[in-house]
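Below: one structure, written as structure tokens.
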Amino acid sequence: MTREWAAVVVAYDSGPLLLDCVRSLLGDDSAGEPPEVVVVDNFVSSKPAESVAQIEAEFPSVSVIRPGANLGYARAANLGIAATKAAIVAVINPDAILVRGSAAGVVDRFESEPTLGALGPKIREADGAIYPSARMVPSNIDALGHALFGSIKPNNKATRRYRELDCDPEVARSVDWVSGAAL
């Protein structure tokens with residue numbers, strides 16, 4: 001059976017965070033059923049990472065791919081995507097937790113906008129703050145200003161423009177890129 005959506009998680013010795021991530025994915029059936037889940041284990045060792053072994057034991061429906069080398073994030077994500085049959089594929093960091101019910105919104109958005117190529121969902125930090133995960137490519141001046149002053153004066157004009165801090169995170173908009181934490 002082909003599921004409507006899939007989630008690919010690239011792991012590298014992610015520990016219990018990976019388990020929490022997979023549990024949250026499998027616990028969200030708001031899009032009709034939980035996603036097909038693929039874990040790409042980028043950790044190279046003579047024995048699998050404990051969390052990956054636990055996922056295999058606890059969740060036999062989860063596909064685990066061990067490429068035998070650390071492919072890097074993008075290649076590992078592409079390997080996981082190629083292993084799915086779903087039309088909608090989310091790439092999720094192992095330290096991300098899917099809020100129950102949010103899958104339906106993502107799937108609905110793709111179904112209502114067939115030309116949509118990628119979607120960056122709202123990302124919340126552990127303390128509940130919204131992470132500015134969608135941005136435009138910065139101008140050279142904004143890139144330089146952010147690089148020079150972003151860590152010492154986070155509210156400077158260049159950083160505000162670069163991180164699009166004045167945009168309403170509740171309103172969908174076209175952007176140049178979104179965070180790879182959840183894509």
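Within each chain, counting starts at residue 1; across the structure tokens, chains are named A, B, ... in the order shown, with ligands numbered 1 upward in that order.
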Per DSSP on the backbone, filter region 71-172 of chain A down to the residues in alpha helix (DSSP H) and report them as JSON, numbers by chain. {"A": [73, 74, 75, 76, 77, 78, 79, 80, 81, 82, 102, 103, 104, 105, 106, 107, 108, 109, 110, 111, 112, 140, 141, 142, 143, 144, 145, 146, 147, 148, 149, 157, 158, 159, 160, 161, 162]}
Just the residues within 12 Å of Ala74 (chain A), please, counting only C-alpha atoms, with nothing from its chain fewer than 3 positions along; format it as a list of chain:residue names.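 Close residues of Ala74 (chain A): A:Val8, A:Val9, A:Val10, A:Ala11, A:Val40, A:Asn42, A:Asn70, A:Leu71, A:Ala77, A:Asn78, A:Leu79, A:Gly80, A:Ile81, A:Val91, A:Ile92, A:Asn93, A:Gly180, A:Ala181, A:Leu183.
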Neighbour list for Gly145 (chain A) as a tab-separated table (two decimals) with C-alpha atoms, in the first residue's frame, cut-off 12 Å, only C-alpha atoms, skip fewer than 3 positions in-chain:
chain	number	residue	atom	x	y	z
A	138	PRO	CA	20.15	38.01	1.47
A	139	SER	CA	21.67	40.95	-0.34
A	140	ASN	CA	25.45	41.26	0.03
A	141	ILE	CA	24.98	44.10	2.51
A	142	ASP	CA	22.52	42.12	4.65
A	148	LEU	CA	29.41	40.95	11.52
A	149	PHE	CA	26.69	41.99	13.94
A	150	GLY	CA	24.16	39.14	14.17
A	151	SER	CA	25.63	37.55	17.29
A	152	ILE	CA	26.40	40.78	19.16
A	153	LYS	CA	23.32	42.77	18.17
A	154	PRO	CA	20.67	40.26	17.02
A	155	ASN	CA	18.07	42.93	16.31
A	156	ASN	CA	20.20	44.90	13.84
A	157	LYS	CA	18.50	45.84	10.55
A	158	ALA	CA	20.57	43.46	8.43
A	159	THR	CA	19.80	40.46	10.65
A	160	ARG	CA	16.12	41.40	10.87
A	161	ARG	CA	15.92	41.48	7.06
A	162	TYR	CA	18.05	38.33	6.61
A	163	ARG	CA	16.02	36.31	9.12
Per DSSP on the backbone, what are the strand (DSSP E) residues of region 29-159 of chain A, as a list in words? Glu36, Val37, Val38, Val39, Val40, Asp41, Ser63, Val64, Ile65, Ile88, Val89, Ala90, Val91, Ile92, Ile123, Arg124, Ile130, Tyr131, Ala134 and Arg135 of chain A
Residues as selected, N, CA and C atoms, written as a compact mmCIF listing (two decimals), in the first residue's frame, can you do that?
# COMPACT_ATOMS: atom_id res chain seq x y z
N GLU A 36 4.66 6.80 6.00
CA GLU A 36 5.72 5.82 5.80
C GLU A 36 6.97 6.50 6.36
N VAL A 37 7.71 5.82 7.22
CA VAL A 37 8.90 6.42 7.83
C VAL A 37 10.14 5.67 7.36
N VAL A 38 11.13 6.44 6.90
CA VAL A 38 12.42 5.89 6.49
C VAL A 38 13.49 6.58 7.31
N VAL A 39 14.32 5.79 7.99
CA VAL A 39 15.45 6.32 8.73
C VAL A 39 16.71 5.95 7.97
N VAL A 40 17.52 6.94 7.63
CA VAL A 40 18.82 6.68 7.00
C VAL A 40 19.86 6.86 8.10
N ASP A 41 20.53 5.76 8.44
CA ASP A 41 21.51 5.75 9.53
C ASP A 41 22.89 6.06 8.97
N SER A 63 11.33 1.69 7.78
CA SER A 63 12.45 1.21 6.96
C SER A 63 13.73 1.88 7.45
N VAL A 64 14.76 1.07 7.67
CA VAL A 64 16.06 1.60 8.07
C VAL A 64 17.04 1.30 6.96
N ILE A 65 17.72 2.34 6.49
CA ILE A 65 18.73 2.20 5.44
C ILE A 65 20.08 2.50 6.07
N ILE A 88 4.22 12.84 -1.39
CA ILE A 88 4.64 13.93 -0.50
C ILE A 88 5.64 13.35 0.48
N VAL A 89 6.84 13.93 0.50
CA VAL A 89 7.90 13.43 1.39
C VAL A 89 8.44 14.58 2.22
N ALA A 90 8.42 14.38 3.53
CA ALA A 90 9.01 15.35 4.45
C ALA A 90 10.38 14.85 4.87
N VAL A 91 11.35 15.74 4.89
CA VAL A 91 12.68 15.41 5.42
C VAL A 91 12.75 16.11 6.78
N ILE A 92 12.99 15.32 7.81
CA ILE A 92 12.89 15.81 9.19
C ILE A 92 14.19 15.51 9.93
N ILE A 123 8.42 26.13 12.78
CA ILE A 123 9.30 25.38 13.68
C ILE A 123 9.35 26.12 15.01
N ARG A 124 9.12 25.39 16.07
CA ARG A 124 9.20 25.97 17.41
C ARG A 124 10.42 25.42 18.13
N ILE A 130 9.16 30.75 18.17
CA ILE A 130 9.15 30.39 16.75
C ILE A 130 10.53 30.65 16.16
N TYR A 131 11.07 29.63 15.50
CA TYR A 131 12.37 29.74 14.84
C TYR A 131 12.14 30.33 13.45
N ALA A 134 12.19 30.37 7.44
CA ALA A 134 11.97 30.65 6.02
C ALA A 134 12.59 32.00 5.69
N ARG A 135 13.39 32.01 4.63
CA ARG A 135 14.12 33.25 4.33
C ARG A 135 14.27 33.46 2.82
Selection near Lys122 (chain A), 10 Å with only C-alpha atoms, sequence-local residues under 5 positions removed, as a list in words: Ser102, Ile130, Tyr131, Pro132, Ser133, Ala134, Pro169, Glu170, Ala172, Ser179 and Ala182 of chain A
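Using only C-alpha atoms, the contacts of region 51-54 of chain A at a cut-off of 9 Å, with sequence neighbours closer than 3 positions omitted, comprise Ala11, Asp13, Ser14, Gly15, Pro16, Leu17, Leu18, Leu19, Val39, Asp41, Pro48, Ala57, Glu58, Phe59 and Val64 of chain A.
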Write a file of the just-selected residues containing C-alpha atoms, as a PDB file, in the first residue's frame.
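To be explicit, this is the file written out as result-v7.pdb:
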ATOM      1  CA  ALA A  11      20.331  10.101  11.716  1.00  0.00           C
ATOM      2  CA  ASP A  13      24.225   8.742  16.435  1.00  0.00           C
ATOM      3  CA  SER A  14      21.138  10.733  17.404  1.00  0.00           C
ATOM      4  CA  GLY A  15      20.328   8.812  20.577  1.00  0.00           C
ATOM      5  CA  PRO A  16      16.901   9.091  22.204  1.00  0.00           C
ATOM      6  CA  LEU A  17      16.031  12.162  20.112  1.00  0.00           C
ATOM      7  CA  LEU A  18      15.601   9.865  17.116  1.00  0.00           C
ATOM      8  CA  LEU A  19      13.170   7.647  19.024  1.00  0.00           C
ATOM      9  CA  VAL A  39      15.455   6.321   8.733  1.00  0.00           C
ATOM     10  CA  ASP A  41      21.509   5.752   9.528  1.00  0.00           C
ATOM     11  CA  PRO A  48      24.101  -0.121  14.827  1.00  0.00           C
ATOM     12  CA  ALA A  57      12.643  -3.690  17.258  1.00  0.00           C
ATOM     13  CA  GLU A  58       9.801  -1.385  18.297  1.00  0.00           C
ATOM     14  CA  PHE A  59       8.571  -0.234  14.875  1.00  0.00           C
ATOM     15  CA  VAL A  64      16.061   1.598   8.073  1.00  0.00           C
TER      16      VAL A  64
END
When you draw a straight line from CA of Ala96 (chain A) to CA of Gly68 (chain A), how long is it in Å? 24.2 Å
Pick the closest to Val107 (chain A) from A:Ala76, A:Ala126, A:Cys167, A:Ala87: which is it, counting only C-alpha atoms?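 Residue with the minimum atom-to-atom distance to Val107 (chain A): A:Ala87.
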Can you work out the spacing between CA of Glu50 (chain A) and CA of Ala6 (chain A) in Å, to one decimal? 23.3 Å
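The space separating CA of Lys85 (chain A) from CA of Phe43 (chain A) comes to 24.5 Å.
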